[in-house]
$ cat target_37.cif   # mmCIF, C-alpha atoms and all ligand atoms
data_input
loop_
_atom_site.label_atom_id
_atom_site.label_comp_id
_atom_site.auth_asym_id
_atom_site.auth_seq_id
_atom_site.Cartn_x
_atom_site.Cartn_y
_atom_site.Cartn_z
CA MET A 16 0.00 0.00 0.00
CA GLY A 17 1.26 3.48 -0.90
CA LYS A 18 1.96 6.22 1.58
CA ILE A 19 -1.23 7.75 3.03
CA THR A 20 -1.95 11.33 2.04
CA ALA A 21 -4.84 13.54 3.14
CA ALA A 22 -7.08 14.17 0.14
CA ILE A 23 -9.59 17.00 0.03
CA THR A 24 -12.81 15.17 -0.92
CA GLY A 25 -15.36 17.98 -0.66
CA VAL A 26 -15.88 21.71 -0.05
CA GLY A 27 -18.76 23.61 1.57
CA ALA A 28 -19.34 27.27 2.37
CA TYR A 29 -21.60 29.82 3.97
CA LEU A 30 -21.90 33.49 3.07
CA PRO A 31 -24.18 35.79 5.06
CA ASP A 32 -27.01 37.45 3.13
CA TYR A 33 -26.19 41.11 3.76
CA ILE A 34 -23.96 42.68 1.10
CA LEU A 35 -21.97 45.79 1.93
CA ASP A 36 -20.94 47.52 -1.30
CA ASN A 37 -18.52 50.37 -1.98
CA ASP A 38 -21.32 52.90 -2.37
CA GLU A 39 -22.59 52.20 1.14
CA LEU A 40 -19.02 52.37 2.50
CA SER A 41 -18.56 55.73 0.73
CA ARG A 42 -21.47 57.06 2.77
CA MET A 43 -19.87 55.78 6.01
CA VAL A 44 -16.25 56.99 5.55
CA ASP A 45 -14.28 59.22 3.17
CA THR A 46 -13.60 56.68 0.43
CA SER A 47 -14.73 55.81 -3.09
CA ASP A 48 -15.37 52.85 -5.35
CA GLU A 49 -12.49 54.08 -7.54
CA TRP A 50 -9.98 54.08 -4.63
CA ILE A 51 -11.05 50.70 -3.29
CA MET A 52 -11.05 49.04 -6.72
CA SER A 53 -7.69 50.47 -7.77
CA ARG A 54 -5.85 49.98 -4.45
CA ILE A 55 -7.43 46.70 -3.23
CA GLY A 56 -9.83 45.24 -5.83
CA ILE A 57 -13.00 44.79 -3.76
CA LYS A 58 -16.56 45.58 -4.93
CA THR A 59 -18.66 43.86 -2.27
CA ARG A 60 -18.31 41.91 0.98
CA HIS A 61 -20.85 39.85 2.93
CA ILE A 62 -21.64 40.86 6.51
CA LEU A 63 -23.25 38.71 9.20
CA LYS A 64 -26.08 40.57 10.94
CA GLY A 65 -28.09 39.36 13.92
CA ASP A 66 -27.68 39.42 17.70
CA GLY A 67 -25.57 36.67 19.16
CA LEU A 68 -24.50 35.22 15.82
CA GLY A 69 -20.79 34.53 15.63
CA THR A 70 -18.29 32.55 13.61
CA SER A 71 -19.72 29.20 14.75
CA TYR A 72 -23.05 30.13 13.13
CA MET A 73 -21.36 30.50 9.74
CA GLY A 74 -18.95 27.62 10.33
CA SER A 75 -21.67 25.13 11.23
CA LYS A 76 -23.67 26.13 8.13
CA ALA A 77 -20.55 25.60 5.99
CA VAL A 78 -20.00 22.15 7.55
CA ILE A 79 -23.66 21.17 7.05
CA ASP A 80 -23.36 22.24 3.38
CA LEU A 81 -20.14 20.21 3.04
CA LEU A 82 -21.56 17.03 4.60
CA GLU A 83 -24.80 17.25 2.60
CA LYS A 84 -22.86 17.69 -0.65
CA THR A 85 -20.52 14.80 0.10
CA ASN A 86 -23.30 12.65 1.55
CA VAL A 87 -21.30 11.99 4.72
CA ASP A 88 -23.01 11.27 8.04
CA PRO A 89 -21.90 13.93 10.59
CA ALA A 90 -21.55 11.13 13.14
CA ASP A 91 -18.69 9.69 11.05
CA ILE A 92 -16.49 12.78 11.43
CA ASP A 93 -13.53 12.11 13.76
CA LEU A 94 -12.13 15.62 14.12
CA VAL A 95 -13.15 19.23 13.43
CA ILE A 96 -10.48 21.93 13.35
CA CYS A 97 -11.55 25.55 12.99
CA ALA A 98 -9.16 28.29 11.91
CA THR A 99 -10.34 31.65 13.17
CA VAL A 100 -9.25 34.87 14.89
CA THR A 101 -12.84 35.83 15.65
CA PRO A 102 -14.00 32.98 17.88
CA ASP A 103 -17.53 33.22 19.29
CA MET A 104 -15.93 33.62 22.73
CA MET A 105 -12.61 32.95 24.46
CA PHE A 106 -13.77 29.44 25.32
CA PRO A 107 -15.12 26.94 24.54
CA SER A 108 -13.49 26.81 21.14
CA THR A 109 -15.45 27.71 18.02
CA GLY A 110 -14.50 24.35 16.52
CA ASN A 111 -16.21 22.70 19.46
CA LEU A 112 -19.36 24.77 18.91
CA ILE A 113 -19.32 24.05 15.17
CA ALA A 114 -18.99 20.29 15.74
CA TYR A 115 -21.98 20.37 18.08
CA LYS A 116 -24.17 22.55 15.86
CA SER A 117 -23.44 20.51 12.74
CA GLY A 118 -24.11 17.16 14.41
CA CYS A 119 -20.50 15.90 14.45
CA ARG A 120 -21.22 14.30 17.81
CA ASN A 121 -18.33 11.82 17.72
CA ALA A 122 -15.67 14.34 16.77
CA PHE A 123 -13.17 16.08 19.00
CA ALA A 124 -12.68 19.68 18.00
CA TYR A 125 -10.48 22.69 18.56
CA ASP A 126 -9.32 26.00 17.08
CA VAL A 127 -6.14 27.09 15.34
CA SER A 128 -5.17 30.76 15.47
CA ALA A 129 -2.93 31.96 12.65
CA ALA A 130 -4.95 34.87 11.22
CA CYS A 131 -4.95 34.91 7.41
CA CYS A 132 -2.80 31.76 7.36
CA GLY A 133 -5.13 29.96 9.73
CA PHE A 134 -6.50 27.66 7.05
CA LEU A 135 -2.99 26.66 5.91
CA PHE A 136 -1.92 25.91 9.48
CA ALA A 137 -5.16 24.02 10.27
CA LEU A 138 -5.04 22.03 7.02
CA THR A 139 -1.45 20.99 7.73
CA THR A 140 -2.33 19.93 11.29
CA ALA A 141 -5.40 18.03 10.07
CA SER A 142 -3.42 16.23 7.37
CA LYS A 143 -1.14 14.71 10.03
CA PHE A 144 -4.10 13.01 11.73
CA ILE A 145 -4.98 11.39 8.39
CA GLU A 146 -1.40 10.52 7.38
CA THR A 147 -0.74 8.76 10.69
CA GLY A 148 -3.97 6.78 10.44
CA THR A 149 -5.33 8.39 13.63
CA CYS A 150 -8.43 9.76 11.86
CA LYS A 151 -10.38 8.73 8.77
CA LYS A 152 -12.58 11.80 8.26
CA VAL A 153 -11.48 15.29 9.29
CA VAL A 154 -13.27 18.59 8.68
CA VAL A 155 -11.21 21.78 8.44
CA VAL A 156 -13.16 25.04 8.70
CA GLY A 157 -11.86 28.52 7.97
CA GLY A 158 -14.23 31.16 9.29
CA ASP A 159 -14.14 34.74 10.45
CA LYS A 160 -16.69 37.36 11.37
CA MET A 161 -14.31 40.23 10.68
CA SER A 162 -17.14 42.76 10.99
CA SER A 163 -17.11 42.07 14.75
CA ILE A 164 -13.60 43.56 15.13
CA ILE A 165 -13.62 46.30 12.48
CA ASP A 166 -14.00 49.99 13.21
CA TYR A 167 -16.45 51.23 10.57
CA THR A 168 -15.19 54.80 11.07
CA ASP A 169 -11.62 53.82 10.05
CA ARG A 170 -11.25 53.96 6.28
CA ASN A 171 -7.84 52.26 6.47
CA THR A 172 -9.41 48.94 7.47
CA CYS A 173 -13.19 48.99 7.01
CA CYS A 174 -13.13 48.61 3.22
CA ILE A 175 -11.01 45.48 3.29
CA PHE A 176 -12.76 42.80 5.30
CA GLY A 177 -15.85 40.60 5.01
CA ASP A 178 -17.48 37.69 6.85
CA ALA A 179 -17.69 34.06 5.68
CA ALA A 180 -16.90 30.46 6.52
CA ALA A 181 -15.91 27.55 4.33
CA ALA A 182 -14.94 23.98 5.08
CA VAL A 183 -13.19 21.01 3.47
CA LEU A 184 -13.36 17.28 4.16
CA LEU A 185 -10.11 15.32 4.39
CA GLU A 186 -9.94 11.57 3.84
CA PRO A 187 -7.05 9.12 3.35
CA ASP A 188 -5.71 8.44 -0.14
CA THR A 189 -2.97 6.09 -1.27
CA GLU A 190 -2.46 7.37 -4.84
CA GLY A 191 -0.78 10.66 -3.95
CA TYR A 192 -3.82 12.94 -4.13
CA GLY A 193 -4.28 15.63 -1.49
CA ILE A 194 -1.81 17.53 0.68
CA ASN A 195 1.63 16.78 -0.79
CA ASP A 196 3.70 19.33 1.11
CA ALA A 197 3.49 22.37 3.36
CA ILE A 198 5.94 25.17 4.14
CA LEU A 199 4.79 27.29 7.10
CA HIS A 200 6.40 30.25 8.87
CA SER A 201 5.65 32.60 11.75
CA ASP A 202 7.54 35.64 13.02
CA ALA A 203 6.11 37.77 15.82
CA SER A 204 8.53 40.63 15.16
CA GLY A 205 5.69 41.80 12.90
CA ALA A 206 3.00 41.27 15.52
CA GLU A 207 2.12 44.91 16.03
CA ALA A 208 1.80 45.70 12.34
CA LEU A 209 -1.46 43.76 12.22
CA TYR A 210 -3.25 42.86 15.42
CA MET A 211 -6.12 43.39 17.81
CA LYS A 212 -4.51 44.60 21.01
CA ALA A 213 -7.14 43.99 23.68
CA GLY A 214 -9.60 41.35 24.76
CA GLY A 215 -6.99 38.74 25.68
CA SER A 216 -5.07 38.21 28.92
CA ALA A 217 -2.59 41.05 28.36
CA TYR A 218 -5.27 43.73 28.04
CA PRO A 219 -8.63 42.35 29.21
CA ALA A 220 -11.66 44.41 28.23
CA SER A 221 -11.99 47.58 30.31
CA PRO A 222 -13.50 51.03 29.74
CA GLU A 223 -9.96 52.18 28.76
CA THR A 224 -9.42 49.46 26.15
CA VAL A 225 -12.79 50.28 24.63
CA ALA A 226 -12.13 54.02 24.67
CA ASN A 227 -8.71 53.46 23.04
CA GLY A 228 -10.22 51.39 20.22
CA TRP A 229 -8.04 48.41 21.13
CA HIS A 230 -10.80 45.90 20.32
CA TYR A 231 -10.54 46.76 16.64
CA VAL A 232 -8.11 45.52 13.98
CA HIS A 233 -5.06 47.75 13.76
CA GLN A 234 -3.07 47.47 10.53
CA GLU A 235 0.00 49.30 9.27
CA GLY A 236 -1.03 48.76 5.68
CA GLN A 237 2.21 49.47 3.84
CA THR A 238 4.38 47.45 6.26
CA VAL A 239 2.10 44.46 5.84
CA PHE A 240 1.84 44.99 2.09
CA LYS A 241 5.62 44.97 1.59
CA ALA A 242 6.11 41.87 3.73
CA ALA A 243 3.17 40.08 2.06
CA VAL A 244 4.41 40.72 -1.47
CA SER A 245 7.86 39.28 -0.80
CA LYS A 246 7.03 36.45 1.61
CA MET A 247 4.02 35.07 -0.26
CA ALA A 248 5.96 34.99 -3.51
CA ASP A 249 9.12 33.56 -1.89
CA VAL A 250 7.32 30.67 -0.25
CA SER A 251 5.25 29.89 -3.35
CA VAL A 252 8.32 29.82 -5.59
CA GLU A 253 10.15 27.70 -3.00
CA MET A 254 7.30 25.18 -3.14
CA MET A 255 7.47 25.08 -6.95
CA GLU A 256 11.24 24.54 -6.90
CA ARG A 257 11.05 21.87 -4.23
CA HIS A 258 8.72 19.79 -6.41
CA HIS A 259 10.26 20.77 -9.78
CA LEU A 260 6.95 22.34 -10.83
CA THR A 261 6.96 24.76 -13.74
CA ALA A 262 4.21 27.31 -14.35
CA ASP A 263 2.76 24.89 -16.92
CA ASP A 264 2.42 22.19 -14.26
CA ILE A 265 0.25 24.38 -12.03
CA ARG A 266 -3.49 24.56 -12.66
CA TYR A 267 -4.22 27.23 -10.07
CA LEU A 268 -2.57 29.44 -7.51
CA VAL A 269 -5.04 29.63 -4.60
CA PRO A 270 -3.96 32.89 -2.96
CA HIS A 271 -5.13 34.61 0.20
CA GLN A 272 -7.50 37.37 -0.91
CA ALA A 273 -6.04 40.42 0.85
CA ASN A 274 -5.25 42.66 -2.09
CA LEU A 275 -5.39 42.08 -5.83
CA ARG A 276 -1.97 43.72 -6.17
CA ILE A 277 -0.45 41.15 -3.77
CA ILE A 278 -2.08 38.31 -5.75
CA ASP A 279 -0.74 39.72 -9.03
CA ALA A 280 2.78 40.12 -7.62
CA THR A 281 2.80 36.53 -6.32
CA ALA A 282 1.50 35.14 -9.61
CA HIS A 283 4.06 37.17 -11.55
CA ARG A 284 6.98 35.76 -9.50
CA MET A 285 5.60 32.25 -10.13
CA GLY A 286 5.29 32.91 -13.85
CA LEU A 287 1.51 32.43 -13.79
CA SER A 288 -1.10 34.37 -15.74
CA ARG A 289 -4.21 35.83 -14.08
CA GLU A 290 -6.26 32.96 -15.54
CA LYS A 291 -4.33 30.60 -13.30
CA CYS A 292 -5.20 32.50 -10.10
CA MET A 293 -8.33 31.88 -8.12
CA ILE A 294 -9.72 35.36 -7.52
CA ASN A 295 -12.92 36.32 -5.72
CA ILE A 296 -11.72 39.25 -3.61
CA ASP A 297 -14.02 41.47 -5.70
CA LYS A 298 -17.11 39.62 -4.38
CA PHE A 299 -16.14 38.66 -0.83
CA GLY A 300 -13.23 40.89 0.29
CA ASN A 301 -10.72 39.59 2.81
CA THR A 302 -12.48 37.00 4.96
CA THR A 303 -9.22 36.10 6.80
CA ALA A 304 -9.24 32.34 7.56
CA ALA A 305 -12.05 31.71 5.06
CA THR A 306 -10.43 33.07 1.88
CA LEU A 307 -8.64 29.89 0.75
CA PRO A 308 -11.48 27.35 1.25
CA LEU A 309 -13.89 29.93 -0.18
CA CYS A 310 -11.75 30.05 -3.33
CA LEU A 311 -11.79 26.23 -3.55
CA TRP A 312 -15.59 26.31 -3.13
CA ASP A 313 -16.01 29.03 -5.75
CA TYR A 314 -13.80 27.27 -8.33
CA GLU A 315 -14.73 23.68 -7.42
CA SER A 316 -16.71 23.06 -10.61
CA ARG A 317 -13.64 23.98 -12.73
CA LEU A 318 -11.27 21.61 -10.92
CA LYS A 319 -10.23 18.23 -12.27
CA LYS A 320 -8.72 15.20 -10.60
CA GLY A 321 -4.94 15.53 -10.67
CA ASP A 322 -4.84 19.35 -10.90
CA ASN A 323 -1.83 20.82 -9.12
CA LEU A 324 -2.75 23.67 -6.78
CA ILE A 325 -0.50 25.93 -4.72
CA LEU A 326 -2.32 27.45 -1.74
CA SER A 327 -0.48 30.50 -0.47
CA ALA A 328 -1.08 33.14 2.20
CA PHE A 329 0.46 35.88 4.32
CA GLY A 330 -1.10 37.53 7.32
CA GLY A 331 -1.17 38.70 10.91
CA GLY A 332 1.44 37.30 13.23
CA PHE A 333 3.26 37.55 10.90
CA THR A 334 2.39 34.16 9.46
CA TRP A 335 2.96 32.89 5.93
CA GLY A 336 3.13 29.68 4.00
CA ALA A 337 2.26 27.54 1.01
CA ILE A 338 0.69 24.12 0.56
CA TYR A 339 0.97 21.93 -2.52
CA VAL A 340 -2.28 20.05 -3.18
CA LYS A 341 -2.99 17.49 -5.87
CA TRP A 342 -6.76 17.79 -6.36
CA ALA A 343 -8.58 14.49 -5.79
CA TYR A 344 -11.83 14.68 -7.78
CA ASP A 345 -13.57 16.17 -10.79
CA GLY A 346 -15.49 19.17 -9.53
CA GLY A 347 -18.00 19.36 -12.34
CA ASP A 348 -20.41 17.07 -10.56
CA PHE A 349 -21.56 19.83 -8.24
CA SER A 350 -23.88 22.51 -9.60
CA LYS A 351 -24.00 25.74 -7.69
O1 LIG A 401 -4.95 39.85 5.21
C1 LIG A 401 -3.93 40.14 6.09
C2 LIG A 401 -2.79 40.75 5.42
N1 LIG A 401 -3.13 42.09 5.02
C3 LIG A 401 -2.68 42.55 3.87
O2 LIG A 401 -2.03 41.84 3.13
C4 LIG A 401 -2.96 43.99 3.57
C5 LIG A 401 -1.71 44.66 3.05
N2 LIG A 401 -1.88 46.10 2.81
C6 LIG A 401 -2.65 46.56 1.82
O3 LIG A 401 -3.30 45.81 1.12
C7 LIG A 401 -2.62 48.04 1.54
O4 LIG A 401 -1.55 48.61 2.25
C8 LIG A 401 -3.94 48.76 1.95
C9 LIG A 401 -5.05 48.33 1.00
C10 LIG A 401 -4.29 48.44 3.38
C11 LIG A 401 -3.75 50.27 1.79
O5 LIG A 401 -3.34 50.58 0.46
P1 LIG A 401 -2.06 51.49 0.20
O6 LIG A 401 -1.94 51.66 -1.26
O7 LIG A 401 -0.90 50.88 0.93
O8 LIG A 401 -2.49 52.85 0.82
P2 LIG A 401 -1.79 53.68 2.00
O9 LIG A 401 -2.08 53.05 3.32
O10 LIG A 401 -0.36 53.94 1.65
O11 LIG A 401 -2.56 55.03 1.90
C12 LIG A 401 -2.44 55.89 0.74
C13 LIG A 401 -3.41 57.02 0.88
C14 LIG A 401 -3.35 57.70 2.24
O12 LIG A 401 -3.59 59.09 2.06
P3 LIG A 401 -2.38 60.12 2.05
O13 LIG A 401 -1.68 59.97 3.35
O14 LIG A 401 -1.52 59.74 0.88
O15 LIG A 401 -3.07 61.43 1.87
C15 LIG A 401 -4.51 57.11 2.98
O16 LIG A 401 -5.02 57.96 3.99
O17 LIG A 401 -4.74 56.51 0.75
C16 LIG A 401 -5.52 56.93 1.88
N3 LIG A 401 -6.51 55.91 2.17
C17 LIG A 401 -7.71 55.92 1.59
N4 LIG A 401 -8.29 56.74 0.71
C18 LIG A 401 -9.54 56.45 0.30
C19 LIG A 401 -6.42 54.86 2.99
N5 LIG A 401 -7.56 54.15 2.96
C20 LIG A 401 -8.38 54.79 2.11
C21 LIG A 401 -9.69 54.56 1.65
N6 LIG A 401 -10.23 55.40 0.76
N7 LIG A 401 -10.41 53.49 2.05
#

$ encode --input "target_37.cif" --output "structure tokens"
Amino acid sequence: MGKITAAITGVGAYLPDYILDNDELSRMVDTSDEWIMSRIGIKTRHILKGDGLGTSYMGSKAVIDLLEKTNVDPADIDLVICATVTPDMMFPSTGNLIAYKSGCRNAFAYDVSAACCGFLFALTTASKFIETGTCKKVVVVGGDKMSSIIDYTDRNTCCIFGDAAAAVLLEPDTEGYGINDAILHSDASGAEALYMKAGGSAYPASPETVANGWHYVHQEGQTVFKAAVSKMADVSVEMMERHHLTADDIRYLVPHQANLRIIDATAHRMGLSREKCMINIDKFGNTTAATLPLCLWDYESRLKKGDNLILSAFGGGFTWGAIYVKWAYDGGDFSK
């Protein structure tokens, strides 16, 4: 029997109904459709409305969609890992809540926190449970309700982010399909360039933390942009070289959707045309841990068994990395 790899055997997603477009944002802060489209590339983003609804609401809907599509009994899921930086609460974990709400009653569950790279880190962790034979069916969710930590009076951040969750199913494969390799990095020297300062143990919520705006995302845009452009491209090219992959060998780059200019720069360094990049930032914005599985969901019908994909991201932490996936099924069977 060949080596066991973790194959992605299905994708599900949930997008909230409410759509925040650039015209509405232009009435909230001093910005314009022209600025947002030329500097970032976003037209619309989905926003979760409703009291008491958090990331687990979206995550559980994404998992239910995934298990219905793949015709898998939730009781057969062994493990649920949720990547998020906007958990419903400090504890219990959002993964735990998602498993419960989606009927995965026999699964153990937990969260992984790596901001925009959360899905890469969670997918890598999940793949080890499959490769070692510990688990047979693992669900990896990427979900963030970014609107819960965005200051909608700050034009530097409020145009960028959206809310969503998406999930993949991992199962064992012995023909080399699935997660072939991962290169992951973290470096907290960049921590304060993109972070939410308060609400944890260092600065618990207080009238001062609220007054100071420390419960909102703070981003030094240009610092993050420069690091993202170089690190995302470096790690993606390193992955290509490690596996002797040319641009022709790659079906799609699956890039984190933070800024169209970062995606273009990464693709350029890899020698890929725009047609070989999964892009949906225009519709959904930056949904942090959800961007990569949301791309897979969006492009699923165009994927074919054996397609080589490079998933690549850079984000808060700093964190960055790339995963080489050999796609395991023809996606045309699913009509969306
Ligand atoms: O997902 C996690 C990782 N995050 C990223 O990868 C994000 C990386 N950073 C970026 O994508 C970009 O830096 C931003 C999109 C955040 C900002 O774009 P930028 O081209 O770097 O703009 P900037 O911050 O250098 O600002 C340029 C100008 C400034 O005005 P002045 O000082 O030149 O007069 C800003 O005040 O644009 C202004 N500006 C805006 N103008 C209209 C900033 N935000 C806006 C806005 N509308 N929404």

$ closest_atom_pairs --input "target_37.cif" --of "chain A" --to "ligand LIG 401 (chain A)" --cutoff "9 Å" --atoms "all atoms listed in the file" --output "tab-separated table"
residue	atom	partner	partner_atom	distance
A:Leu40	CA	A:LIG401	N7	8.7
A:Ser41	CA	A:LIG401	N6	8.3
A:Val44	CA	A:LIG401	N7	7.7
A:Asp45	CA	A:LIG401	N6	6.1
A:Thr46	CA	A:LIG401	N6	3.6
A:Ser47	CA	A:LIG401	N6	5.9
A:Asp48	CA	A:LIG401	N6	8.4
A:Glu49	CA	A:LIG401	N6	8.7
A:Trp50	CA	A:LIG401	C18	5.5
A:Ile51	CA	A:LIG401	N7	6.1
A:Ser53	CA	A:LIG401	O6	8.8
A:Arg54	CA	A:LIG401	O6	5.3
A:Ile55	CA	A:LIG401	C9	5.1
A:Gly56	CA	A:LIG401	C9	8.9
A:Ala130	CA	A:LIG401	C1	7.4
A:Cys131	CA	A:LIG401	O1	5.4
A:Cys132	CA	A:LIG401	C1	8.6
A:Asp169	CA	A:LIG401	N7	8.1
A:Arg170	CA	A:LIG401	N7	4.3
A:Asn171	CA	A:LIG401	N5	4.0
A:Thr172	CA	A:LIG401	C10	6.6
A:Cys173	CA	A:LIG401	N7	7.3
A:Cys174	CA	A:LIG401	N7	5.7
A:Ile175	CA	A:LIG401	C9	7.0
A:Phe176	CA	A:LIG401	O1	8.3
A:Leu209	CA	A:LIG401	C1	7.5
A:Gln234	CA	A:LIG401	C10	7.3
A:Glu235	CA	A:LIG401	O4	7.2
A:Gly236	CA	A:LIG401	O4	3.5
A:Gln237	CA	A:LIG401	O4	4.2
A:Thr238	CA	A:LIG401	O4	7.3
A:Val239	CA	A:LIG401	C5	4.7
A:Phe240	CA	A:LIG401	C5	3.7
A:Lys241	CA	A:LIG401	C5	7.5
A:Ala242	CA	A:LIG401	O2	8.2
A:Ala243	CA	A:LIG401	O2	5.6
A:Val244	CA	A:LIG401	O2	8.0
A:His271	CA	A:LIG401	O1	7.3
A:Gln272	CA	A:LIG401	O1	7.1
A:Ala273	CA	A:LIG401	O1	4.5
A:Asn274	CA	A:LIG401	O3	4.9
A:Leu275	CA	A:LIG401	O3	8.2
A:Arg276	CA	A:LIG401	O3	7.7
A:Ile277	CA	A:LIG401	O2	7.1
A:Asn301	CA	A:LIG401	O1	6.3
A:Thr302	CA	A:LIG401	O1	8.1
A:Thr303	CA	A:LIG401	O1	5.9
A:Ala304	CA	A:LIG401	O1	9.0
A:Ala328	CA	A:LIG401	O1	8.3
A:Phe329	CA	A:LIG401	C2	6.0
A:Gly330	CA	A:LIG401	C1	4.0
A:Gly331	CA	A:LIG401	C1	5.7
A:Phe333	CA	A:LIG401	C2	8.8

$ residues_around --input "target_37.cif" --residues "range 72-76 of chain A" --least-positions-apart "6" --cutoff "7 Å" --atoms "all atoms listed in the file" --output "PDB file with C-alpha atoms, in the coordinates of the input"
ATOM      1  CA  TYR A  29     -21.600  29.820   3.970  1.00  0.00           C
ATOM      2  CA  ILE A 113     -19.320  24.050  15.170  1.00  0.00           C
ATOM      3  CA  LYS A 116     -24.170  22.550  15.860  1.00  0.00           C
ATOM      4  CA  SER A 117     -23.440  20.510  12.740  1.00  0.00           C
ATOM      5  CA  VAL A 156     -13.160  25.040   8.700  1.00  0.00           C
ATOM      6  CA  GLY A 158     -14.230  31.160   9.290  1.00  0.00           C
ATOM      7  CA  ALA A 179     -17.690  34.060   5.680  1.00  0.00           C
ATOM      8  CA  ALA A 180     -16.900  30.460   6.520  1.00  0.00           C
ATOM      9  CA  ALA A 181     -15.910  27.550   4.330  1.00  0.00           C
TER      10      ALA A 181
END

$ closest_atom_pairs --input "target_37.cif" --of "range 216-315 of chain A" --to "range 134-146 of chain A" --cutoff "8 Å" --atoms "all atoms listed in the file" --output "JSON lines"
{"residue": "A:Ala304", "atom": "CA", "partner": "A:Phe134", "partner_atom": "CA", "distance": 5.4}
{"residue": "A:Ala305", "atom": "CA", "partner": "A:Phe134", "partner_atom": "CA", "distance": 7.2}
{"residue": "A:Leu307", "atom": "CA", "partner": "A:Phe134", "partner_atom": "CA", "distance": 7.0}
{"residue": "A:Pro308", "atom": "CA", "partner": "A:Phe134", "partner_atom": "CA", "distance": 7.7}

$ atom_distance --input "target_37.cif" --atom1 "CA of Asn111 in chain A" --atom2 "CA of Val78 in chain A"
12.5 Å

$ residues_around --input "target_37.cif" --residues "Ala98 in chain A" --least-positions-apart "5" --cutoff "6 Å" --atoms "all atoms listed in the file" --output "list in words"
Asp126, Val127, Ser128, Gly133, Phe134, Gly157 and Ala304 of chain A

$ closest_residue --input "target_37.cif" --among "A:Asp188, A:Asp66, A:Glu223, A:Asp263" --to "Leu324 in chain A" --atoms "all atoms listed in the file"
A:Asp263

$ closest_residue --input "target_37.cif" --among "A:Leu287, A:Met247, A:Leu318, A:Ala280" --to "Gly347 in chain A" --atoms "only C-alpha atoms"
A:Leu318

$ atom_distance --input "target_37.cif" --atom1 "CA of Leu112 in chain A" --atom2 "CA of Cys150 in chain A"
19.9 Å

$ atom_distance --input "target_37.cif" --atom1 "CA of Val95 in chain A" --atom2 "CA of Ala122 in chain A"
6.4 Å

$ closest_residue --input "target_37.cif" --among "A:Ile164, A:Arg60, A:Pro187, A:His259" --to "Thr149 in chain A" --atoms "only C-alpha atoms"
A:Pro187

$ residues_around --input "target_37.cif" --residues "Lys298 in chain A" --least-positions-apart "5" --cutoff "7 Å" --atoms "all atoms listed in the file" --output "MDAnalysis selection string"
chainID A and resid 57:60

$ closest_residue --input "target_37.cif" --among "A:Val100, A:Thr147, A:Gly177, A:Tyr344" --to "Asp32 in chain A" --atoms "only C-alpha atoms"
A:Gly177
